[in-house]
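Text of input_32.pdb (PDB, C-alpha atoms, pLDDT in the B column) as supplied:
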ATOM      1  CA  MET Q  24     -14.116  22.674 -11.682  1.00 66.00           C
ATOM      2  CA  SER Q  25     -14.893  19.877 -14.090  1.00 79.00           C
ATOM      3  CA  GLU Q  26     -17.469  17.193 -13.449  1.00 86.00           C
ATOM      4  CA  ILE Q  27     -16.424  13.936 -11.838  1.00 87.00           C
ATOM      5  CA  PRO Q  28     -16.562  11.247 -14.535  1.00 91.00           C
ATOM      6  CA  HIS Q  29     -19.301   8.690 -13.965  1.00 88.00           C
ATOM      7  CA  GLN Q  30     -16.786   5.837 -14.027  1.00 89.00           C
ATOM      8  CA  ALA Q  31     -14.650   7.425 -11.295  1.00 92.00           C
ATOM      9  CA  ARG Q  32     -13.721   5.076  -8.460  1.00 94.00           C
ATOM     10  CA  GLY Q  33     -14.856   7.091  -5.485  1.00 95.00           C
ATOM     11  CA  ALA Q  34     -16.559   4.476  -3.349  1.00 96.00           C
ATOM     12  CA  ILE Q  35     -17.650   0.869  -3.483  1.00 97.00           C
ATOM     13  CA  ALA Q  36     -21.411   0.493  -3.182  1.00 97.00           C
ATOM     14  CA  LEU Q  37     -23.354  -2.568  -2.143  1.00 97.00           C
ATOM     15  CA  ASP Q  38     -26.465  -4.160  -3.582  1.00 97.00           C
ATOM     16  CA  ALA Q  39     -27.408  -6.229  -0.540  1.00 95.00           C
ATOM     17  CA  ALA Q  40     -30.130  -8.107  -2.392  1.00 95.00           C
ATOM     18  CA  ALA Q  41     -27.514  -9.502  -4.775  1.00 95.00           C
ATOM     19  CA  CYS Q  42     -25.105 -10.525  -2.007  1.00 96.00           C
ATOM     20  CA  THR Q  43     -25.119 -14.227  -1.125  1.00 94.00           C
ATOM     21  CA  SER Q  44     -22.666 -13.856   1.793  1.00 94.00           C
ATOM     22  CA  CYS Q  45     -20.235 -16.076  -0.111  1.00 94.00           C
ATOM     23  CA  MET Q  46     -17.312 -14.299   1.608  1.00 95.00           C
ATOM     24  CA  LEU Q  47     -15.190 -14.123  -1.561  1.00 96.00           C
ATOM     25  CA  CYS Q  48     -14.680 -10.362  -1.207  1.00 97.00           C
ATOM     26  CA  VAL Q  49     -13.788 -10.739   2.469  1.00 96.00           C
ATOM     27  CA  LYS Q  50     -11.260 -13.446   1.673  1.00 96.00           C
ATOM     28  CA  GLU Q  51      -9.667 -11.647  -1.283  1.00 96.00           C
ATOM     29  CA  CYS Q  52      -9.449  -8.190   0.320  1.00 96.00           C
ATOM     30  CA  PRO Q  53      -5.695  -7.521   0.754  1.00 93.00           C
ATOM     31  CA  ASP Q  54      -6.126  -5.351   3.818  1.00 90.00           C
ATOM     32  CA  TRP Q  55      -9.077  -7.071   5.428  1.00 94.00           C
ATOM     33  CA  CYS Q  56     -11.392  -4.075   5.384  1.00 95.00           C
ATOM     34  CA  ILE Q  57     -14.611  -6.000   4.643  1.00 97.00           C
ATOM     35  CA  HIS Q  58     -16.538  -7.814   7.360  1.00 96.00           C
ATOM     36  CA  ILE Q  59     -19.618  -9.958   6.757  1.00 96.00           C
ATOM     37  CA  GLU Q  60     -21.957 -11.496   9.292  1.00 95.00           C
ATOM     38  CA  SER Q  61     -24.531 -13.936   8.048  1.00 94.00           C
ATOM     39  CA  HIS Q  62     -26.613 -16.894   9.133  1.00 93.00           C
ATOM     40  CA  ASN Q  63     -28.359 -19.737   7.368  1.00 92.00           C
ATOM     41  CA  GLU Q  64     -32.097 -20.094   7.226  1.00 92.00           C
ATOM     42  CA  GLU Q  65     -34.086 -23.077   6.121  1.00 91.00           C
ATOM     43  CA  VAL Q  66     -36.680 -22.333   3.497  1.00 89.00           C
ATOM     44  CA  SER Q  67     -39.383 -24.910   2.884  1.00 89.00           C
ATOM     45  CA  GLU Q  68     -41.028 -24.792  -0.466  1.00 87.00           C
ATOM     46  CA  PRO Q  69     -44.191 -26.659  -1.276  1.00 88.00           C
ATOM     47  CA  GLY Q  70     -43.386 -29.724  -3.299  1.00 87.00           C
ATOM     48  CA  ALA Q  71     -39.697 -29.724  -2.339  1.00 86.00           C
ATOM     49  CA  ARG Q  72     -38.404 -32.914  -0.786  1.00 88.00           C
ATOM     50  CA  ARG Q  73     -36.448 -31.117   1.886  1.00 89.00           C
ATOM     51  CA  PRO Q  74     -35.985 -27.495   3.022  1.00 90.00           C
ATOM     52  CA  ARG Q  75     -33.399 -25.356   1.276  1.00 89.00           C
ATOM     53  CA  SER Q  76     -30.638 -23.674   3.252  1.00 89.00           C
ATOM     54  CA  VAL Q  77     -30.335 -19.982   2.367  1.00 89.00           C
ATOM     55  CA  ALA Q  78     -27.630 -17.623   3.599  1.00 90.00           C
ATOM     56  CA  VAL Q  79     -29.032 -14.413   5.031  1.00 93.00           C
ATOM     57  CA  LEU Q  80     -26.819 -11.341   5.213  1.00 95.00           C
ATOM     58  CA  ASP Q  81     -26.851  -9.782   8.685  1.00 95.00           C
ATOM     59  CA  SER Q  82     -24.182  -7.168   8.300  1.00 96.00           C
ATOM     60  CA  PHE Q  83     -21.772  -6.027   5.618  1.00 97.00           C
ATOM     61  CA  THR Q  84     -19.153  -3.490   6.621  1.00 97.00           C
ATOM     62  CA  ILE Q  85     -16.444  -1.737   4.651  1.00 97.00           C
ATOM     63  CA  ASP Q  86     -13.902   0.182   6.699  1.00 96.00           C
ATOM     64  CA  TRP Q  87     -12.849   3.092   4.496  1.00 97.00           C
ATOM     65  CA  GLY Q  88     -10.034   3.844   6.905  1.00 94.00           C
ATOM     66  CA  LEU Q  89      -8.406   0.596   5.776  1.00 93.00           C
ATOM     67  CA  CYS Q  90      -9.651   0.301   2.190  1.00 96.00           C
ATOM     68  CA  MET Q  91      -7.027   1.130  -0.425  1.00 96.00           C
ATOM     69  CA  TYR Q  92      -9.518   1.250  -3.268  1.00 97.00           C
ATOM     70  CA  CYS Q  93      -7.899  -1.591  -5.195  1.00 96.00           C
ATOM     71  CA  GLY Q  94     -11.275  -2.882  -6.374  1.00 96.00           C
ATOM     72  CA  ILE Q  95     -10.402  -6.557  -6.007  1.00 97.00           C
ATOM     73  CA  CYS Q  96     -13.686  -7.132  -4.109  1.00 97.00           C
ATOM     74  CA  VAL Q  97     -15.614  -5.651  -7.027  1.00 97.00           C
ATOM     75  CA  GLU Q  98     -13.732  -7.910  -9.432  1.00 97.00           C
ATOM     76  CA  VAL Q  99     -14.227 -11.124  -7.478  1.00 97.00           C
ATOM     77  CA  CYS Q 100     -17.909 -10.703  -6.598  1.00 97.00           C
ATOM     78  CA  PRO Q 101     -19.685 -13.379  -8.658  1.00 97.00           C
ATOM     79  CA  PHE Q 102     -23.066 -11.674  -8.306  1.00 96.00           C
ATOM     80  CA  ASP Q 103     -22.189  -8.015  -8.978  1.00 96.00           C
ATOM     81  CA  ALA Q 104     -23.250  -7.070  -5.473  1.00 97.00           C
ATOM     82  CA  LEU Q 105     -20.372  -4.584  -5.305  1.00 97.00           C
ATOM     83  CA  HIS Q 106     -19.783  -1.784  -7.782  1.00 96.00           C
ATOM     84  CA  TRP Q 107     -17.875   1.434  -8.081  1.00 97.00           C
ATOM     85  CA  VAL Q 108     -19.623   4.786  -7.714  1.00 96.00           C
ATOM     86  CA  PRO Q 109     -18.054   8.225  -8.247  1.00 94.00           C
ATOM     87  CA  GLU Q 110     -19.049   9.601  -4.834  1.00 93.00           C
ATOM     88  CA  HIS Q 111     -15.837  10.339  -2.994  1.00 92.00           C
ATOM     89  CA  ASP Q 112     -16.837  12.788  -0.306  1.00 93.00           C
ATOM     90  CA  TYR Q 113     -17.697  10.889   2.862  1.00 95.00           C
ATOM     91  CA  PRO Q 114     -15.521  12.099   5.729  1.00 95.00           C
ATOM     92  CA  ALA Q 115     -16.150  11.176   9.355  1.00 95.00           C
ATOM     93  CA  PRO Q 116     -15.218  12.824  12.646  1.00 95.00           C
ATOM     94  CA  ASP Q 117     -13.714   9.594  13.980  1.00 94.00           C
ATOM     95  CA  ALA Q 118     -12.390   6.264  12.714  1.00 92.00           C
ATOM     96  CA  GLN Q 119     -15.570   4.447  13.658  1.00 95.00           C
ATOM     97  CA  GLY Q 120     -17.503   6.731  11.314  1.00 96.00           C
ATOM     98  CA  LEU Q 121     -15.516   5.368   8.380  1.00 96.00           C
ATOM     99  CA  ARG Q 122     -17.027   1.924   8.916  1.00 97.00           C
ATOM    100  CA  HIS Q 123     -20.033   1.851   6.611  1.00 97.00           C
ATOM    101  CA  GLY Q 124     -22.697  -0.806   7.009  1.00 97.00           C
ATOM    102  CA  ILE Q 125     -25.332  -2.111   4.625  1.00 97.00           C
ATOM    103  CA  ALA Q 126     -27.622   0.931   4.782  1.00 96.00           C
ATOM    104  CA  ARG Q 127     -24.842   3.437   4.142  1.00 96.00           C
ATOM    105  CA  LEU Q 128     -23.232   1.340   1.400  1.00 96.00           C
ATOM    106  CA  GLU Q 129     -26.584   0.990  -0.358  1.00 96.00           C
ATOM    107  CA  GLU Q 130     -27.106   4.745  -0.134  1.00 95.00           C
ATOM    108  CA  PHE Q 131     -24.230   5.172  -2.580  1.00 94.00           C
ATOM    109  CA  GLY Q 132     -26.762   4.017  -5.147  1.00 88.00           C
ATOM    110  CA  PRO Q 133     -26.678   1.921  -8.291  1.00 86.00           C
ATOM    111  CA  SER Q 134     -23.725   1.868 -10.649  1.00 72.00           C
TER     112      SER Q 134
ATOM    113  CA  MET S   4      15.888 -15.624  -5.034  1.00 38.00           C
ATOM    114  CA  SER S   5      16.635 -15.503  -8.734  1.00 42.00           C
ATOM    115  CA  GLY S   6      15.569 -12.934 -11.242  1.00 46.00           C
ATOM    116  CA  VAL S   7      15.293 -10.132  -8.707  1.00 50.00           C
ATOM    117  CA  THR S   8      18.178  -7.763  -9.208  1.00 53.00           C
ATOM    118  CA  GLY S   9      18.835  -4.102  -8.840  1.00 53.00           C
ATOM    119  CA  PRO S  10      19.432  -1.714 -11.689  1.00 56.00           C
ATOM    120  CA  PRO S  11      22.123  -2.879 -14.117  1.00 64.00           C
ATOM    121  CA  GLY S  12      25.667  -1.600 -13.934  1.00 75.00           C
ATOM    122  CA  PRO S  13      28.452  -1.559 -11.403  1.00 86.00           C
ATOM    123  CA  LEU S  14      27.857  -0.503  -7.804  1.00 91.00           C
ATOM    124  CA  TRP S  15      28.418   3.156  -7.028  1.00 94.00           C
ATOM    125  CA  GLU S  16      31.321   3.088  -4.612  1.00 91.00           C
ATOM    126  CA  PRO S  17      32.253   5.002  -2.640  1.00 95.00           C
ATOM    127  CA  TRP S  18      28.646   6.147  -2.573  1.00 96.00           C
ATOM    128  CA  ALA S  19      28.830   9.887  -1.910  1.00 96.00           C
ATOM    129  CA  ASP S  20      31.739  10.371  -4.344  1.00 97.00           C
ATOM    130  CA  ALA S  21      29.913   8.441  -7.027  1.00 96.00           C
ATOM    131  CA  VAL S  22      26.805  10.563  -6.568  1.00 97.00           C
ATOM    132  CA  ALA S  23      28.919  13.738  -6.551  1.00 97.00           C
ATOM    133  CA  GLN S  24      30.446  12.712  -9.904  1.00 97.00           C
ATOM    134  CA  ARG S  25      26.999  12.408 -11.507  1.00 96.00           C
ATOM    135  CA  VAL S  26      25.764  15.645  -9.966  1.00 96.00           C
ATOM    136  CA  ALA S  27      28.843  17.379 -11.365  1.00 96.00           C
ATOM    137  CA  ALA S  28      27.959  15.891 -14.756  1.00 95.00           C
ATOM    138  CA  GLY S  29      24.610  17.687 -14.596  1.00 95.00           C
ATOM    139  CA  PHE S  30      22.447  14.944 -13.120  1.00 96.00           C
ATOM    140  CA  ASP S  31      21.313  17.232 -10.335  1.00 94.00           C
ATOM    141  CA  ARG S  32      17.624  16.416 -10.167  1.00 95.00           C
ATOM    142  CA  LEU S  33      16.768  13.749  -7.648  1.00 97.00           C
ATOM    143  CA  ASP S  34      13.898  11.591  -8.818  1.00 96.00           C
ATOM    144  CA  LEU S  35      14.184   8.688  -6.404  1.00 95.00           C
ATOM    145  CA  LEU S  36      16.285   7.564  -3.480  1.00 97.00           C
ATOM    146  CA  THR S  37      15.163   4.506  -1.611  1.00 96.00           C
ATOM    147  CA  ALA S  38      16.210   1.178  -0.165  1.00 97.00           C
ATOM    148  CA  VAL S  39      15.410  -2.468  -0.845  1.00 95.00           C
ATOM    149  CA  ASP S  40      15.772  -5.058   1.873  1.00 96.00           C
ATOM    150  CA  ARG S  41      17.442  -8.231   0.613  1.00 94.00           C
ATOM    151  CA  PRO S  42      17.513 -10.617   3.574  1.00 95.00           C
ATOM    152  CA  ALA S  43      18.503 -13.610   1.420  1.00 94.00           C
ATOM    153  CA  SER S  44      21.863 -12.052   0.593  1.00 93.00           C
ATOM    154  CA  GLY S  45      22.158 -10.153   3.888  1.00 95.00           C
ATOM    155  CA  GLU S  46      22.218  -6.821   2.129  1.00 94.00           C
ATOM    156  CA  ILE S  47      20.276  -3.612   1.939  1.00 96.00           C
ATOM    157  CA  GLU S  48      20.361  -2.115  -1.510  1.00 95.00           C
ATOM    158  CA  ILE S  49      20.242   1.646  -1.952  1.00 96.00           C
ATOM    159  CA  VAL S  50      18.778   2.850  -5.238  1.00 95.00           C
ATOM    160  CA  ILE S  51      19.039   6.332  -6.702  1.00 95.00           C
ATOM    161  CA  HIS S  52      17.628   7.784  -9.896  1.00 95.00           C
ATOM    162  CA  LEU S  53      19.025  11.083 -11.142  1.00 96.00           C
ATOM    163  CA  VAL S  54      17.823  13.147 -14.072  1.00 95.00           C
ATOM    164  CA  ARG S  55      19.243  15.964 -16.152  1.00 95.00           C
ATOM    165  CA  ARG S  56      17.710  18.163 -18.813  1.00 92.00           C
ATOM    166  CA  PRO S  57      20.167  18.692 -21.654  1.00 90.00           C
ATOM    167  CA  GLU S  58      20.003  22.087 -23.357  1.00 90.00           C
ATOM    168  CA  ALA S  59      19.121  20.375 -26.615  1.00 91.00           C
ATOM    169  CA  GLY S  60      15.923  19.209 -24.934  1.00 90.00           C
ATOM    170  CA  GLY S  61      14.676  15.913 -23.667  1.00 92.00           C
ATOM    171  CA  LEU S  62      15.568  14.052 -20.515  1.00 93.00           C
ATOM    172  CA  GLU S  63      18.583  11.973 -19.586  1.00 94.00           C
ATOM    173  CA  ASP S  64      18.674   9.815 -16.516  1.00 93.00           C
ATOM    174  CA  VAL S  65      20.994   7.558 -14.615  1.00 93.00           C
ATOM    175  CA  TRP S  66      20.345   4.807 -12.100  1.00 93.00           C
ATOM    176  CA  GLY S  67      22.785   4.042  -9.326  1.00 94.00           C
ATOM    177  CA  HIS S  68      22.850   1.509  -6.568  1.00 92.00           C
ATOM    178  CA  THR S  69      24.991   0.265  -3.775  1.00 94.00           C
ATOM    179  CA  LEU S  70      24.825  -2.548  -1.255  1.00 94.00           C
ATOM    180  CA  LEU S  71      25.053  -2.186   2.523  1.00 96.00           C
ATOM    181  CA  ASP S  72      25.679  -4.804   5.161  1.00 96.00           C
ATOM    182  CA  ARG S  73      22.237  -5.646   6.510  1.00 96.00           C
ATOM    183  CA  ALA S  74      23.577  -6.336  10.012  1.00 95.00           C
ATOM    184  CA  ALA S  75      25.051  -2.840  10.389  1.00 96.00           C
ATOM    185  CA  PRO S  76      24.005  -0.725   7.417  1.00 96.00           C
ATOM    186  CA  MET S  77      25.874   2.558   7.051  1.00 96.00           C
ATOM    187  CA  LEU S  78      25.214   5.054   4.292  1.00 97.00           C
ATOM    188  CA  GLU S  79      26.977   8.326   3.519  1.00 97.00           C
ATOM    189  CA  SER S  80      24.534  11.185   3.243  1.00 97.00           C
ATOM    190  CA  VAL S  81      24.291  12.980  -0.096  1.00 97.00           C
ATOM    191  CA  THR S  82      22.108  15.753   1.318  1.00 96.00           C
ATOM    192  CA  GLY S  83      25.011  18.203   0.891  1.00 95.00           C
ATOM    193  CA  LEU S  84      24.949  17.514  -2.864  1.00 95.00           C
ATOM    194  CA  LEU S  85      21.221  17.105  -3.293  1.00 96.00           C
ATOM    195  CA  PRO S  86      19.197  18.903  -0.611  1.00 96.00           C
ATOM    196  CA  ALA S  87      16.104  17.016  -1.760  1.00 95.00           C
ATOM    197  CA  ALA S  88      17.726  13.801  -0.547  1.00 97.00           C
ATOM    198  CA  ALA S  89      17.266  14.830   3.099  1.00 97.00           C
ATOM    199  CA  TRP S  90      13.799  13.418   3.588  1.00 96.00           C
ATOM    200  CA  HIS S  91      14.545  10.319   1.512  1.00 97.00           C
ATOM    201  CA  GLU S  92      17.511   9.550   3.747  1.00 97.00           C
ATOM    202  CA  ARG S  93      15.426  10.181   6.846  1.00 96.00           C
ATOM    203  CA  GLU S  94      12.911   7.710   5.500  1.00 96.00           C
ATOM    204  CA  ILE S  95      15.593   5.113   4.741  1.00 97.00           C
ATOM    205  CA  HIS S  96      16.910   5.574   8.264  1.00 95.00           C
ATOM    206  CA  GLU S  97      13.485   5.245   9.819  1.00 94.00           C
ATOM    207  CA  MET S  98      12.025   2.471   7.707  1.00 94.00           C
ATOM    208  CA  PHE S  99      15.093   0.297   7.071  1.00 96.00           C
ATOM    209  CA  GLY S 100      17.241   1.047  10.116  1.00 94.00           C
ATOM    210  CA  VAL S 101      20.119   2.398   8.027  1.00 96.00           C
ATOM    211  CA  GLN S 102      22.539   4.764   9.752  1.00 96.00           C
ATOM    212  CA  VAL S 103      23.094   7.798   7.546  1.00 97.00           C
ATOM    213  CA  SER S 104      26.378   9.500   8.324  1.00 96.00           C
ATOM    214  CA  GLY S 105      26.674  13.240   7.842  1.00 95.00           C
ATOM    215  CA  HIS S 106      22.926  13.827   7.716  1.00 95.00           C
ATOM    216  CA  PRO S 107      21.859  17.122   9.334  1.00 93.00           C
ATOM    217  CA  ASP S 108      18.601  15.896  10.878  1.00 93.00           C
ATOM    218  CA  LEU S 109      17.579  12.270  11.185  1.00 92.00           C
ATOM    219  CA  ARG S 110      14.377  12.800  13.192  1.00 91.00           C
ATOM    220  CA  PRO S 111      11.809  10.181  12.258  1.00 90.00           C
ATOM    221  CA  LEU S 112       9.097  11.269   9.861  1.00 90.00           C
ATOM    222  CA  LEU S 113       6.307   8.943  10.944  1.00 88.00           C
ATOM    223  CA  LEU S 114       7.236   6.593  13.754  1.00 85.00           C
ATOM    224  CA  LEU S 115       6.689   7.569  17.372  1.00 81.00           C
ATOM    225  CA  ASP S 116       9.101   4.966  18.645  1.00 72.00           C
ATOM    226  CA  VAL S 117      12.349   4.767  16.713  1.00 64.00           C
ATOM    227  CA  ALA S 118      13.478   1.886  18.900  1.00 72.00           C
ATOM    228  CA  SER S 119      10.890  -0.380  17.254  1.00 77.00           C
ATOM    229  CA  PRO S 120      12.181  -2.720  14.559  1.00 86.00           C
ATOM    230  CA  PRO S 121      12.418  -0.993  11.159  1.00 91.00           C
ATOM    231  CA  PRO S 122       8.985  -1.487   9.573  1.00 90.00           C
ATOM    232  CA  LEU S 123      10.102  -2.018   5.985  1.00 93.00           C
ATOM    233  CA  ARG S 124      12.561  -4.792   6.768  1.00 95.00           C
ATOM    234  CA  LYS S 125      11.117  -7.995   5.350  1.00 94.00           C
ATOM    235  CA  ASP S 126      11.335  -9.812   8.667  1.00 92.00           C
ATOM    236  CA  THR S 127       9.588  -7.160  10.761  1.00 90.00           C
ATOM    237  CA  PRO S 128       6.152  -8.505  11.632  1.00 87.00           C
ATOM    238  CA  LEU S 129       3.185  -6.228  11.075  1.00 81.00           C
ATOM    239  CA  VAL S 130       1.830  -6.190  14.619  1.00 81.00           C
ATOM    240  CA  ALA S 131      -1.635  -4.996  13.617  1.00 78.00           C
ATOM    241  CA  ARG S 132      -1.938  -7.855  11.153  1.00 81.00           C
ATOM    242  CA  VAL S 133      -0.687 -10.480  13.600  1.00 85.00           C
ATOM    243  CA  ASP S 134      -3.201  -9.237  16.212  1.00 86.00           C
ATOM    244  CA  THR S 135      -6.171  -9.028  13.864  1.00 85.00           C
ATOM    245  CA  PRO S 136      -8.163 -12.190  13.230  1.00 88.00           C
ATOM    246  CA  TRP S 137      -8.676 -12.764   9.503  1.00 90.00           C
ATOM    247  CA  PRO S 138     -12.253 -11.759   8.700  1.00 89.00           C
ATOM    248  CA  GLY S 139     -12.326 -14.385   5.949  1.00 87.00           C
ATOM    249  CA  ALA S 140     -12.007 -17.169   8.536  1.00 85.00           C
ATOM    250  CA  ARG S 141     -15.639 -16.692   9.602  1.00 66.00           C
ATOM    251  CA  ARG S 142     -18.211 -19.290   8.699  1.00 57.00           C
TER     252      ARG S 142
END

How does this structure look as structure tokens?
Amino acid sequence: MSEIPHQARGAIALDAAACTSCMLCVKECPDWCIHIESHNEEVSEPGARRPRSVAVLDSFTIDWGLCMYCGICVEVCPFDALHWVPEHDYPAPDAQGLRHGIARLEEFGPS
Amino acid sequence: MSGVTGPPGPLWEPWADAVAQRVAAGFDRLDLLTAVDRPASGEIEIVIHLVRRPEAGGLEDVWGHTLLDRAAPMLESVTGLLPAAAWHEREIHEMFGVQVSGHPDLRPLLLLDVASPPPLRKDTPLVARVDTPWPGARR
């Protein structure tokens, strides 16, 4: 069997540190398979006139049972927090197991 | 709706005879048989694509289409001419609610409940989508 090419579109991986919870991927996803939970935190910096509001990502879920691998989320992400990886082998014994959260999506690794 | 038309050429009517003519002319390989719902004109279009391989080499193909009354769509089966058409006609029956006369076995392929509205009609709501709140509405 030949090697899987490195640019193969097997899964969509997440770089949570790059995600700003802007919701663009969630809004553009044609079959609504991405769910984001986030909250805002106020960050006070010395010297700043008022505290900054920063979005903090609480959960990021892709439901592979719904995903049709169109890649629109990867295209629209302004911060490259989503990228394709060749890994394609991630079955689950039930539908719930196909819902991958931040930890699992980061495990797919860098692009 | 303008600009959206079926394949060019006259309608194949009567349907089964028209298909039989092409099959007799050597176009005996079924590439595609499907339906298009056209609610604006009250029609369901049936589309067929047949292929033949001339001895000289290469490929020749022919597109055919016909229009059915959307309110009571009836289609003559061509499964007797092209056995491969059986599942395509079952699918057209199941997904578009078209009655296929002379078909040997119209059991649904996917749906549990054939009494439900045909899923590929443009005006059939996708229940799962109506029930699901849009995740993008958060925040």

Query raised in the report: So what does the PyMOL selection byres ((chain Q and resi 76-82) around 12) actually pick up in this one, as a ChimeraX atom specification?
Result: /Q:37-46,57-68,73-75,83-85,122-128 /S:142

Report task. Taking the file as shown, find all residues satisfying the PyMOL selection byres ((chain S) within 12 of (chain Q)) and write them as a list in words. Result -> Leu129, Ala131, Arg132, Thr135, Pro136, Trp137, Pro138, Gly139, Ala140, Arg141 and Arg142 of chain S

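Between atom CA of Leu33 of chain S and atom CA of Val54 of chain S the separation is 6.5 Å.
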
Requested in this report: Would you kindly return, as a ChimeraX atom specification, each protein, DNA or RNA residue with an atom no farther than 7 Å from any atom of Leu105 of chain Q, considering only C-alpha atoms and excluding same-chain residues fewer than 2 positions away?
Outcome: /Q:35-38,97,100,103

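The coordinates place atom CA of Thr37 of chain S at 11.0 Å from atom CA of Val101 of chain S.
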
Query raised in the report: For the file shown, what are the residues hit by the PyMOL selection byres ((chain S and resi 34) around 8), laid out as a PyMOL selection string?
Result: chain S and resi 32-33+35-36+51-54

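By all atoms listed in the file, and with residues fewer than 6 positions from His91 of chain S along its chain excluded, the set lying at most 12 Å from it is Leu33, Asp34, Leu35, Leu36, Thr37, Ala38, Ile49, Val50, Ile51, Ser80, Val81, Thr82, Leu85, Glu97, Met98, Phe99, Val101, Val103, His106, Asp108, Leu109, Arg110, Pro111 and Leu112 of chain S.
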
Query - Long-range neighbours of Leu121 of chain Q as a ChimeraX atom specification, 6 Å cut-off, all atoms listed in the file, 6 positions minimum in chain - result: /Q:86-88,115

Requested in this report: Anything within 10 Å of (30.1, 6.8, -4.5): list those residues as number ranges by chain, counting only C-alpha atoms and sticking to the file's coordinates.
Outcome: S: 14-25, 67-69, 79, 81

Store the residues of this selection in a file with C-alpha atoms, as a PDB file, in the frame of the given file.
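The resulting file, selection08.pdb, is shown below:
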ATOM      1  CA  LEU S  14      27.857  -0.503  -7.804  1.00 91.00           C
ATOM      2  CA  TRP S  15      28.418   3.156  -7.028  1.00 94.00           C
ATOM      3  CA  GLU S  16      31.321   3.088  -4.612  1.00 91.00           C
ATOM      4  CA  PRO S  17      32.253   5.002  -2.640  1.00 95.00           C
ATOM      5  CA  TRP S  18      28.646   6.147  -2.573  1.00 96.00           C
ATOM      6  CA  ALA S  19      28.830   9.887  -1.910  1.00 96.00           C
ATOM      7  CA  ASP S  20      31.739  10.371  -4.344  1.00 97.00           C
ATOM      8  CA  ALA S  21      29.913   8.441  -7.027  1.00 96.00           C
ATOM      9  CA  VAL S  22      26.805  10.563  -6.568  1.00 97.00           C
ATOM     10  CA  ALA S  23      28.919  13.738  -6.551  1.00 97.00           C
ATOM     11  CA  GLN S  24      30.446  12.712  -9.904  1.00 97.00           C
ATOM     12  CA  ARG S  25      26.999  12.408 -11.507  1.00 96.00           C
ATOM     13  CA  GLY S  67      22.785   4.042  -9.326  1.00 94.00           C
ATOM     14  CA  HIS S  68      22.850   1.509  -6.568  1.00 92.00           C
ATOM     15  CA  THR S  69      24.991   0.265  -3.775  1.00 94.00           C
ATOM     16  CA  GLU S  79      26.977   8.326   3.519  1.00 97.00           C
ATOM     17  CA  VAL S  81      24.291  12.980  -0.096  1.00 97.00           C
TER      18      VAL S  81
END

How big is the axis-aligned box around the listed atoms of segment 43-60 of chain Q once 6 Å is added on each side, and where is its centre? Give both in Å to one decimal, as AutoDock Vina command-line options.
--center_x -15.4 --center_y -10.1 --center_z 3.9 --size_x 31.4 --size_y 24.0 --size_z 22.9

Will you give me segment 61-73 of chain Q, written with N, CA and C atoms and laid out as a compact mmCIF listing (two decimals), in the first residue's frame?
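Contents of decode-v4.txt, as written:
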# COMPACT_ATOMS: atom_id res chain seq x y z
N SER Q 61 -17.64 29.80 24.48
CA SER Q 61 -16.57 30.70 24.92
C SER Q 61 -17.15 31.72 25.89
N HIS Q 62 -16.28 32.38 26.61
CA HIS Q 62 -16.72 33.49 27.46
C HIS Q 62 -15.68 34.60 27.40
N ASN Q 63 -16.10 35.78 27.81
CA ASN Q 63 -15.18 36.92 27.77
C ASN Q 63 -14.56 37.13 29.14
N GLU Q 64 -13.29 37.47 29.12
CA GLU Q 64 -12.61 37.80 30.36
C GLU Q 64 -12.00 39.18 30.23
N GLU Q 65 -11.99 39.89 31.32
CA GLU Q 65 -11.38 41.21 31.32
C GLU Q 65 -9.92 41.07 31.74
N VAL Q 66 -9.05 41.64 30.94
CA VAL Q 66 -7.63 41.59 31.26
C VAL Q 66 -7.15 43.01 31.50
N SER Q 67 -6.65 43.24 32.72
CA SER Q 67 -6.11 44.58 33.02
C SER Q 67 -4.61 44.57 32.81
N GLU Q 68 -4.16 45.53 32.05
CA GLU Q 68 -2.73 45.62 31.85
C GLU Q 68 -2.23 46.91 32.48
N PRO Q 69 -1.08 46.84 33.10
CA PRO Q 69 -0.55 48.05 33.72
C PRO Q 69 -0.36 49.15 32.67
N GLY Q 70 -0.84 50.31 32.99
CA GLY Q 70 -0.67 51.42 32.06
C GLY Q 70 -1.86 51.59 31.13
N ALA Q 71 -2.69 50.54 30.99
CA ALA Q 71 -3.85 50.66 30.11
C ALA Q 71 -4.95 51.46 30.79
N ARG Q 72 -5.68 52.23 30.00
CA ARG Q 72 -6.70 53.08 30.60
C ARG Q 72 -7.89 52.27 31.11
N ARG Q 73 -8.22 51.21 30.38
CA ARG Q 73 -9.30 50.36 30.88
C ARG Q 73 -8.98 48.91 30.51
